[in-house]
>>> print(open('start-v2.tsv').read())   # TSV, C-alpha atoms
chain	number	residue	atom	x	y	z
I	1	MET	CA	29.04	-22.71	-44.80
I	2	ASP	CA	28.72	-19.27	-43.25
I	3	ASN	CA	26.75	-19.29	-40.01
I	4	GLY	CA	27.42	-15.66	-39.15
I	5	ASN	CA	30.50	-16.25	-36.99
I	6	GLU	CA	33.71	-15.10	-38.66
I	7	ASN	CA	35.96	-16.48	-35.90
I	8	ASN	CA	35.00	-20.15	-36.15
I	9	SER	CA	38.51	-21.19	-37.15
I	10	ASN	CA	40.01	-19.51	-34.09
I	11	ILE	CA	37.95	-21.30	-31.45
I	12	SER	CA	38.79	-24.52	-29.64
I	13	ILE	CA	36.72	-26.49	-27.16
I	14	GLN	CA	38.94	-25.11	-24.38
I	15	SER	CA	38.49	-21.50	-25.50
I	16	ALA	CA	34.73	-22.07	-25.78
I	17	TYR	CA	34.76	-23.40	-22.23
I	18	ASP	CA	36.76	-20.32	-21.16
I	19	ILE	CA	34.07	-18.10	-22.64
I	20	ILE	CA	31.35	-19.93	-20.71
I	21	ILE	CA	33.27	-19.91	-17.40
I	22	ASN	CA	34.07	-16.20	-17.73
I	23	GLU	CA	30.42	-15.43	-18.41
I	24	HIS	CA	29.49	-17.27	-15.22
I	25	VAL	CA	32.09	-15.37	-13.20
I	26	ASN	CA	30.56	-12.12	-14.47
I	27	LEU	CA	27.06	-13.41	-13.76
I	28	TYR	CA	28.06	-14.43	-10.23
I	29	HIS	CA	29.24	-10.88	-9.50
I	30	SER	CA	25.92	-9.50	-10.77
I	31	LEU	CA	23.64	-11.64	-8.59
I	32	ASP	CA	21.82	-10.17	-5.59
I	33	PHE	CA	22.48	-12.87	-3.00
I	34	GLU	CA	20.59	-11.02	-0.24
I	35	ASN	CA	17.47	-11.08	-2.39
I	36	ILE	CA	18.05	-14.75	-3.20
I	37	LYS	CA	18.20	-15.56	0.51
I	38	ASN	CA	14.64	-14.19	0.81
I	39	ILE	CA	13.24	-17.32	-0.83
I	40	GLU	CA	14.55	-19.55	1.96
I	41	GLU	CA	11.54	-18.97	4.22
I	42	PRO	CA	8.88	-19.56	1.52
I	43	LEU	CA	10.68	-22.77	0.55
I	44	LYS	CA	10.86	-24.07	4.10
I	45	ASN	CA	7.27	-23.08	4.92
I	46	ALA	CA	5.64	-24.47	1.78
I	47	LYS	CA	3.31	-27.44	2.15
I	48	GLN	CA	4.09	-28.46	-1.43
I	49	ILE	CA	6.50	-26.96	-3.97
I	50	PHE	CA	5.65	-26.87	-7.67
I	51	LEU	CA	8.24	-26.05	-10.34
I	52	ILE	CA	7.79	-25.09	-13.98
I	53	GLY	CA	10.05	-24.22	-16.88
I	54	ALA	CA	9.89	-24.76	-20.66
I	55	GLY	CA	12.41	-26.10	-23.16
I	56	ARG	CA	15.98	-26.44	-21.92
I	57	THR	CA	15.02	-24.41	-18.86
I	58	GLY	CA	12.49	-27.14	-18.12
I	59	PHE	CA	15.29	-29.70	-17.93
I	60	MET	CA	17.13	-27.49	-15.43
I	61	VAL	CA	13.88	-27.19	-13.44
I	62	LYS	CA	13.59	-30.99	-13.31
I	63	ALA	CA	17.15	-31.18	-11.95
I	64	ALA	CA	16.24	-28.63	-9.27
I	65	THR	CA	13.07	-30.58	-8.42
I	66	MET	CA	15.09	-33.76	-7.93
I	67	ARG	CA	17.46	-32.07	-5.48
I	68	LEU	CA	14.58	-30.59	-3.46
I	69	MET	CA	13.11	-34.09	-3.28
I	70	HIS	CA	16.45	-35.41	-2.01
I	71	LEU	CA	16.27	-32.82	0.78
I	72	GLY	CA	12.84	-34.14	1.76
I	73	TYR	CA	10.57	-31.48	0.27
I	74	GLN	CA	7.18	-32.44	-1.22
I	75	VAL	CA	7.81	-31.39	-4.84
I	76	HIS	CA	6.06	-31.63	-8.20
I	77	VAL	CA	6.89	-30.69	-11.79
I	78	VAL	CA	3.97	-28.80	-13.33
I	79	GLY	CA	2.52	-30.72	-16.26
I	80	GLU	CA	3.36	-34.22	-15.05
I	81	THR	CA	0.39	-36.59	-14.82
I	82	THR	CA	0.76	-37.08	-11.05
I	83	THR	CA	0.98	-33.36	-10.21
I	84	PRO	CA	-1.89	-32.34	-7.89
I	85	ALA	CA	-3.70	-29.01	-7.69
I	86	ILE	CA	-1.84	-26.06	-6.19
I	87	GLY	CA	-3.39	-24.26	-3.24
I	88	LYS	CA	-2.90	-22.01	-0.25
I	89	ASN	CA	0.34	-22.66	1.67
I	90	ASP	CA	1.96	-24.06	-1.51
I	91	LEU	CA	4.80	-22.51	-3.51
I	92	LEU	CA	5.31	-22.23	-7.27
I	93	ILE	CA	8.85	-21.79	-8.56
I	94	ALA	CA	8.43	-20.46	-12.10
I	95	VAL	CA	11.48	-20.12	-14.34
I	96	SER	CA	11.44	-18.15	-17.60
I	97	GLY	CA	14.28	-16.09	-19.05
I	98	SER	CA	11.91	-13.69	-20.77
I	99	GLY	CA	9.29	-13.87	-18.05
I	100	THR	CA	6.69	-13.96	-20.81
I	101	THR	CA	6.45	-17.66	-21.70
I	102	LYS	CA	2.69	-18.20	-21.89
I	103	SER	CA	2.51	-21.58	-20.12
I	104	ILE	CA	4.65	-20.30	-17.24
I	105	VAL	CA	2.75	-17.03	-16.85
I	106	ASN	CA	-0.52	-19.02	-16.93
I	107	ALA	CA	0.78	-21.30	-14.17
I	108	ALA	CA	1.75	-18.24	-12.11
I	109	GLU	CA	-1.72	-16.74	-12.62
I	110	THR	CA	-3.30	-20.02	-11.45
I	111	ALA	CA	-1.02	-20.11	-8.40
I	112	HIS	CA	-1.92	-16.50	-7.60
I	113	LYS	CA	-5.68	-17.19	-7.88
I	114	ASN	CA	-5.29	-20.15	-5.52
I	115	GLU	CA	-3.35	-18.09	-2.94
I	116	ALA	CA	-0.06	-19.92	-3.40
I	117	LYS	CA	3.25	-18.07	-3.11
I	118	ILE	CA	5.26	-17.54	-6.30
I	119	VAL	CA	9.02	-17.31	-6.78
I	120	GLY	CA	10.00	-16.22	-10.29
I	121	PHE	CA	13.42	-16.62	-11.86
I	122	THR	CA	13.85	-14.41	-14.93
I	123	THR	CA	16.13	-11.97	-16.73
I	124	ASN	CA	13.34	-9.41	-17.00
I	125	PRO	CA	12.29	-7.49	-13.86
I	126	SER	CA	9.32	-5.86	-15.64
I	127	SER	CA	7.93	-9.09	-17.12
I	128	PRO	CA	4.46	-10.51	-16.39
I	129	LEU	CA	6.12	-13.30	-14.37
I	130	ALA	CA	8.01	-10.78	-12.21
I	131	GLU	CA	4.81	-8.81	-11.63
I	132	LEU	CA	2.96	-11.93	-10.45
I	133	ALA	CA	5.76	-13.23	-8.24
I	134	ASN	CA	5.98	-12.63	-4.50
I	135	HIS	CA	9.75	-12.94	-4.85
I	136	THR	CA	11.61	-12.32	-8.10
I	137	ILE	CA	15.16	-13.51	-8.63
I	138	ILE	CA	16.85	-11.72	-11.51
I	139	ILE	CA	19.49	-13.73	-13.35
I	140	PRO	CA	21.12	-11.02	-15.49
I	141	ALA	CA	21.79	-13.23	-18.50
I	142	ALA	CA	20.83	-12.94	-22.15
I	143	GLY	CA	17.35	-14.04	-23.11
I	144	LYS	CA	16.86	-16.57	-25.88
I	145	GLN	CA	15.91	-13.85	-28.40
I	146	GLU	CA	19.00	-11.73	-27.67
I	147	HIS	CA	21.62	-12.44	-30.32
I	148	GLY	CA	23.82	-9.35	-30.01
I	149	ASN	CA	26.56	-10.95	-27.83
I	150	SER	CA	26.49	-7.95	-25.48
I	151	ILE	CA	25.67	-10.16	-22.46
I	152	SER	CA	26.56	-13.63	-23.68
I	153	GLN	CA	28.38	-15.14	-26.64
I	154	GLN	CA	26.49	-18.40	-26.14
I	155	TYR	CA	23.51	-19.38	-28.23
I	156	ALA	CA	20.00	-18.40	-27.20
I	157	GLY	CA	19.27	-18.59	-23.48
I	158	SER	CA	22.15	-20.89	-22.54
I	159	LEU	CA	23.65	-18.56	-19.92
I	160	PHE	CA	20.27	-18.13	-18.21
I	161	GLU	CA	19.64	-21.87	-18.17
I	162	GLN	CA	23.11	-22.66	-16.82
I	163	GLY	CA	22.91	-19.76	-14.39
I	164	PHE	CA	19.63	-21.03	-12.95
I	165	LEU	CA	21.08	-24.53	-12.50
I	166	PHE	CA	24.24	-23.23	-10.79
I	167	LEU	CA	22.29	-20.84	-8.57
I	168	PHE	CA	19.76	-23.46	-7.57
I	169	ASP	CA	22.52	-25.99	-6.84
I	170	ALA	CA	24.10	-23.35	-4.57
I	171	LEU	CA	20.74	-22.94	-2.84
I	172	ILE	CA	20.49	-26.72	-2.43
I	173	GLN	CA	24.02	-26.87	-0.99
I	174	TYR	CA	23.11	-24.08	1.45
I	175	LEU	CA	19.87	-25.78	2.55
I	176	TRP	CA	21.60	-29.15	2.87
I	177	LYS	CA	24.41	-27.79	5.06
I	178	GLN	CA	21.79	-26.16	7.31
I	179	SER	CA	20.13	-29.54	7.83
I	180	ASP	CA	21.40	-32.50	9.84
I	181	ASN	CA	21.18	-34.82	6.84
I	182	SER	CA	24.27	-36.70	5.72
I	183	ALA	CA	24.99	-37.48	2.08
I	184	GLU	CA	24.06	-41.07	2.88
I	185	GLN	CA	20.63	-39.97	4.16
I	186	LEU	CA	20.03	-37.94	1.01
I	187	TRP	CA	21.06	-40.94	-1.09
I	188	GLU	CA	18.28	-42.99	0.54
I	189	MET	CA	15.84	-40.66	-1.22
I	190	HIS	CA	17.49	-41.26	-4.62
I	191	ALA	CA	15.48	-43.21	-7.19
I	192	ASN	CA	16.06	-46.96	-6.91
I	193	MET	CA	14.10	-47.98	-10.03
I	194	GLU	CA	16.25	-46.42	-12.73
>>> encode(input="start-v2.tsv", output="structure tokens")
Amino acid sequence: MDNGNENNSNISIQSAYDIIINEHVNLYHSLDFENIKNIEEPLKNAKQIFLIGAGRTGFMVKAATMRLMHLGYQVHVVGETTTPAIGKNDLLIAVSGSGTTKSIVNAAETAHKNEAKIVGFTTNPSSPLAELANHTIIIPAAGKQEHGNSISQQYAGSLFEQGFLFLFDALIQYLWKQSDNSAEQLWEMHANME
């Protein structure tokens, strides 16, 4: 079966992992960490934080939401049945590789109309999401429709999704180390009805 990749016989799991790690090293060197630090204040000042992402990105967003909850933030995943209305003094973290995903752009428009702050994570600085956001974090990874291998050899938007998770985990680590909370105190916030 030909799936368009002539080098299938030459790849191992280890070499595939090498490809992914090397892409993340390159991505790391392309990130604007000074700009990323600018979202610290909106995060800390938000009354409530709402997060949204679709598809695999949505799973990464849920992981980020969980860690913010562990740090004591009042957080919600957009679309869940218990998610309240967004309003002034709230923050929306909207994550879309293309910056054009309709549900995410709609959520950003709603946040904007209700005077909430918006942080957008995207690959596309001229996207509708970037235009709506108060702070835009560019993750220079391939979008899910880019299949040319010029930025990433991985399928679809994998590098963006992984890059968001790594970057947000770094942000969580940074915020945690700034706090006085021990790992044991964070663990007290962990779900106990799994």
>>> residues_near_point(input="start-v2.tsv", point="(6.6, -29.0, -14.1)", cutoff="10 Å", atoms="all atoms listed in the file", output="JSON list (two decimals) with C-alpha atoms, in the frame of the given file")
[["chain", "number", "residue", "atom", "x", "y", "z"],
["I", 50, "PHE", "CA", 5.65, -26.87, -7.67],
["I", 51, "LEU", "CA", 8.24, -26.05, -10.34],
["I", 52, "ILE", "CA", 7.79, -25.09, -13.98],
["I", 53, "GLY", "CA", 10.05, -24.22, -16.88],
["I", 54, "ALA", "CA", 9.89, -24.76, -20.66],
["I", 58, "GLY", "CA", 12.49, -27.14, -18.12],
["I", 59, "PHE", "CA", 15.29, -29.70, -17.93],
["I", 61, "VAL", "CA", 13.88, -27.19, -13.44],
["I", 62, "LYS", "CA", 13.59, -30.99, -13.31],
["I", 65, "THR", "CA", 13.07, -30.58, -8.42],
["I", 75, "VAL", "CA", 7.81, -31.39, -4.84],
["I", 76, "HIS", "CA", 6.06, -31.63, -8.20],
["I", 77, "VAL", "CA", 6.89, -30.69, -11.79],
["I", 78, "VAL", "CA", 3.97, -28.80, -13.33],
["I", 79, "GLY", "CA", 2.52, -30.72, -16.26],
["I", 80, "GLU", "CA", 3.36, -34.22, -15.05],
["I", 81, "THR", "CA", 0.39, -36.59, -14.82],
["I", 83, "THR", "CA", 0.98, -33.36, -10.21],
["I", 92, "LEU", "CA", 5.31, -22.23, -7.27],
["I", 93, "ILE", "CA", 8.85, -21.79, -8.56],
["I", 94, "ALA", "CA", 8.43, -20.46, -12.10],
["I", 104, "ILE", "CA", 4.65, -20.30, -17.24],
["I", 107, "ALA", "CA", 0.78, -21.30, -14.17]]
>>> closest_residue(input="start-v2.tsv", among="I:Tyr73, I:Tyr28, I:Phe160, I:Phe33", to="Trp176 of chain I", atoms="only C-alpha atoms")
I:Tyr73
>>> residues_around(input="start-v2.tsv", residues="Arg67 of chain I", least_positions_apart="4", cutoff="8 Å", atoms="only C-alpha atoms", output="number ranges by chain")
I: 63, 71, 172
>>> residues_around(input="start-v2.tsv", residues="Leu132 of chain I", least_positions_apart="6", cutoff="9 Å", atoms="only C-alpha atoms", output="PyMOL selection string")
chain I and resi 105+108-109+112+118-120
>>> write_last_selection(input="start-v2.tsv", atoms="C-alpha atoms", output="compact mmCIF listing (two decimals), in the frame of the given file")
# COMPACT_ATOMS: atom_id res chain seq x y z
CA VAL I 105 2.75 -17.03 -16.85
CA ALA I 108 1.75 -18.24 -12.11
CA GLU I 109 -1.72 -16.74 -12.62
CA HIS I 112 -1.92 -16.50 -7.60
CA ILE I 118 5.26 -17.54 -6.30
CA VAL I 119 9.02 -17.31 -6.78
CA GLY I 120 10.00 -16.22 -10.29
>>> axis_aligned_box(input="start-v2.tsv", around="segment 127-143 of chain I", padding_each_side="6 Å", output="JSON")
{"center_x": 12.4, "center_y": -11.4, "center_z": -13.8, "size_x": 30.8, "size_y": 17.2, "size_z": 30.6}
>>> atom_distance(input="start-v2.tsv", atom1="atom CA of Lys88 of chain I", atom2="atom CA of Lys117 of chain I")
7.8 Å
>>> atom_distance(input="start-v2.tsv", atom1="atom CA of Met69 of chain I", atom2="atom CA of Gln178 of chain I")
15.8 Å
>>> residues_around(input="start-v2.tsv", residues="segment 16-21 of chain I", least_positions_apart="2", cutoff="9 Å", atoms="all atoms listed in the file", output="VMD selection string")
chain I and resid 11 to 14 23 to 26 152 to 154 159
>>> closest_residue(input="start-v2.tsv", among="I:Glu115, I:Gln74, I:Met193, I:Gln173", to="Asn134 of chain I", atoms="only C-alpha atoms")
I:Glu115
>>> closest_residue(input="start-v2.tsv", among="I:His135, I:Glu188, I:Leu165, I:Ala170", to="Asn38 of chain I", atoms="only C-alpha atoms")
I:His135
>>> atom_distance(input="start-v2.tsv", atom1="atom CA of Phe121 of chain I", atom2="atom CA of Gly55 of chain I")
14.8 Å
>>> residues_around(input="start-v2.tsv", residues="Asp32 of chain I", least_positions_apart="3", cutoff="8 Å", atoms="all atoms listed in the file", output="number ranges by chain")
I: 35-36, 138
>>> closest_residue(input="start-v2.tsv", among="I:Gly99, I:Thr110, I:Ala116, I:Ile39", to="Ile139 of chain I", atoms="only C-alpha atoms")
I:Gly99
>>> closest_residue(input="start-v2.tsv", among="I:Ile86, I:Ala191, I:Ile137, I:Ala130", to="Thr101 of chain I", atoms="all atoms listed in the file")
I:Ala130
